[in-house]
Amino acid sequence: MIGIFGGTFDPVHNGHLHVAQQVLDRLVLDQVHFLPCAIPVHRGVPRASAVDRTRMIELALEGREQFKLNTLELKRDGKSHMVDTLREIRAGYPGQTICLILGADAFNQLKGWKSPKEILQLAHLVVCQRPDVELDRAIFSDHWVEFPAMPGESIEGCILPLAIDENPCSSTRVRNMLEAQESEVQCLHPAVFEYIQDHHLYH
Ligand code: ATP
């Protein structure tokens, strides 16, 4: 059973690592793939290049065997639609359970994504709480299950809200702290912070 954790990761922060670890542990996943997008569809162009975002993910994941970098979207280039990505991943993992991991803010936008119904035919959705975000339970309400009901028999099609300890980190907050040249930037893995300093990112 694999988890797919897509995002801009501009930059990757401790909130991402926390979410991935919680889902890995609670659902007993084999792996979580961190999947940086090339060009996000619903937001501006990332501040850091794909190379820098990738390198920061690699640094943050070092030594964590069950976390993998997945560069599918970067290799495909252009706008990154999750449904296209999941089709490719599904083809590589026939018959296996795939869990798409989302924060509540991302999940609430699901209906604006390309082919949301097909996304649910390709994976389960695991939705993690995020501070100050109320989960929209009206979205595909007939697909919701409560932990630990999922997954078991079906390999896709369920929406599972997962109550995790909330984590206040966000890339926006990190970028703001870096722009303000704060000497101590919370939410960053030390190696990622060092990389950002060395490469003069987000200033
Ligand atoms: P930004 O502040 O630039 O919007 P972000 O912190 O939301 O960035 P993304 O890379 O856009 O980071 O997020 C990737 C995924 O991780 C999304 O599904 C998002 O909801 C989720 N996520 C990020 N941070 C958290 C957090 N602290 N708690 C729960 N989910 C999170």
# chains A, B, ... in the order shown; residues from 1 in each chain; ligands from 1
call {"tool": "select_by_dssp", "arguments": {"residues": "range 23-93 of chain A", "states": "helix (DSSP H, G or I)", "output": "ChimeraX atom specification"}}
result
/A:23-27,50-61,72-76,82-92
call {"tool": "residues_near_ligand", "arguments": {"ligand": "ligand 1", "cutoff": "7 Å", "atoms": "only C-alpha atoms and all ligand atoms", "output": "NGL selection string"}}
result
:A and (5-10 or 12 or 15-16 or 19 or 101-107 or 128-130 or 166-173)
call {"tool": "residues_around", "arguments": {"residues": "range 91-97 of chain A", "least_positions_apart": "6", "cutoff": "8 Å", "atoms": "only C-alpha atoms", "output": "MDAnalysis selection string"}}
result
chainID A and resid 1:2 123:124 151 154:156
call {"tool": "write_last_selection", "arguments": {"atoms": "all heavy atoms", "output": "compact mmCIF listing (two decimals), in the first residue's frame"}}
result
# COMPACT_ATOMS: atom_id res chain seq x y z
N MET A 1 0.86 -1.20 0.00
CA MET A 1 0.00 0.00 0.00
C MET A 1 0.89 1.24 0.00
O MET A 1 1.75 1.38 0.88
CB MET A 1 -0.88 -0.03 1.25
CG MET A 1 -1.86 1.07 1.32
SD MET A 1 -3.35 0.63 2.25
CE MET A 1 -2.80 0.68 3.93
N ILE A 2 0.71 2.11 -0.99
CA ILE A 2 1.58 3.29 -1.04
C ILE A 2 0.77 4.58 -0.87
O ILE A 2 -0.40 4.66 -1.22
CB ILE A 2 2.41 3.37 -2.35
CG1 ILE A 2 1.50 3.51 -3.58
CG2 ILE A 2 3.33 2.19 -2.51
CD1 ILE A 2 2.26 3.96 -4.81
N ALA A 123 -7.58 6.04 -6.73
CA ALA A 123 -6.94 6.03 -5.40
C ALA A 123 -7.97 6.28 -4.30
O ALA A 123 -9.07 6.75 -4.57
CB ALA A 123 -5.87 7.13 -5.35
N HIS A 124 -7.59 5.93 -3.06
CA HIS A 124 -8.31 6.44 -1.90
C HIS A 124 -7.78 7.84 -1.62
O HIS A 124 -6.62 8.15 -1.95
CB HIS A 124 -8.01 5.60 -0.65
CG HIS A 124 -8.55 4.21 -0.67
ND1 HIS A 124 -9.86 3.92 -0.93
CD2 HIS A 124 -7.93 3.02 -0.43
CE1 HIS A 124 -10.04 2.61 -0.84
NE2 HIS A 124 -8.89 2.04 -0.55
N PRO A 151 -8.55 0.66 4.39
CA PRO A 151 -8.99 0.34 3.06
C PRO A 151 -9.49 -1.11 2.96
O PRO A 151 -10.63 -1.31 2.66
CB PRO A 151 -7.79 0.57 2.17
CG PRO A 151 -6.87 1.42 2.96
CD PRO A 151 -7.15 1.04 4.40
N SER A 154 -11.43 -2.61 -0.78
CA SER A 154 -11.32 -1.83 -2.01
C SER A 154 -9.94 -1.18 -2.10
O SER A 154 -9.34 -0.84 -1.08
CB SER A 154 -12.40 -0.75 -2.03
OG SER A 154 -12.28 0.04 -0.88
N ILE A 155 -9.46 -1.01 -3.32
CA ILE A 155 -8.13 -0.42 -3.48
C ILE A 155 -8.22 1.05 -3.87
O ILE A 155 -7.22 1.73 -4.02
CB ILE A 155 -7.26 -1.19 -4.50
CG1 ILE A 155 -7.92 -1.24 -5.89
CG2 ILE A 155 -6.98 -2.59 -4.00
CD1 ILE A 155 -6.95 -1.68 -6.98
N GLU A 156 -9.44 1.55 -4.03
CA GLU A 156 -9.62 2.97 -4.35
C GLU A 156 -11.05 3.37 -4.03
O GLU A 156 -11.89 2.52 -3.72
CB GLU A 156 -9.32 3.23 -5.84
CG GLU A 156 -10.31 2.59 -6.79
CD GLU A 156 -9.71 1.52 -7.70
OE1 GLU A 156 -8.53 1.61 -8.04
OE2 GLU A 156 -10.44 0.60 -8.04
call {"tool": "residues_around", "arguments": {"residues": "Ser115 in chain A", "least_positions_apart": "4", "cutoff": "12 Å", "atoms": "only C-alpha atoms", "output": "number ranges by chain"}}
result
A: 81-87, 110-111, 119-122
call {"tool": "residues_around", "arguments": {"residues": "Gln186 in chain A", "least_positions_apart": "6", "cutoff": "10 Å", "atoms": "only C-alpha atoms", "output": "PyMOL selection string"}}
result
chain A and resi 13-14+169+173-174+177-178+193
call {"tool": "closest_residue", "arguments": {"among": "A:Asp52, A:Asp142, A:Glu73, A:Gly3", "to": "Leu27 in chain A", "atoms": "only C-alpha atoms"}}
result
A:Gly3
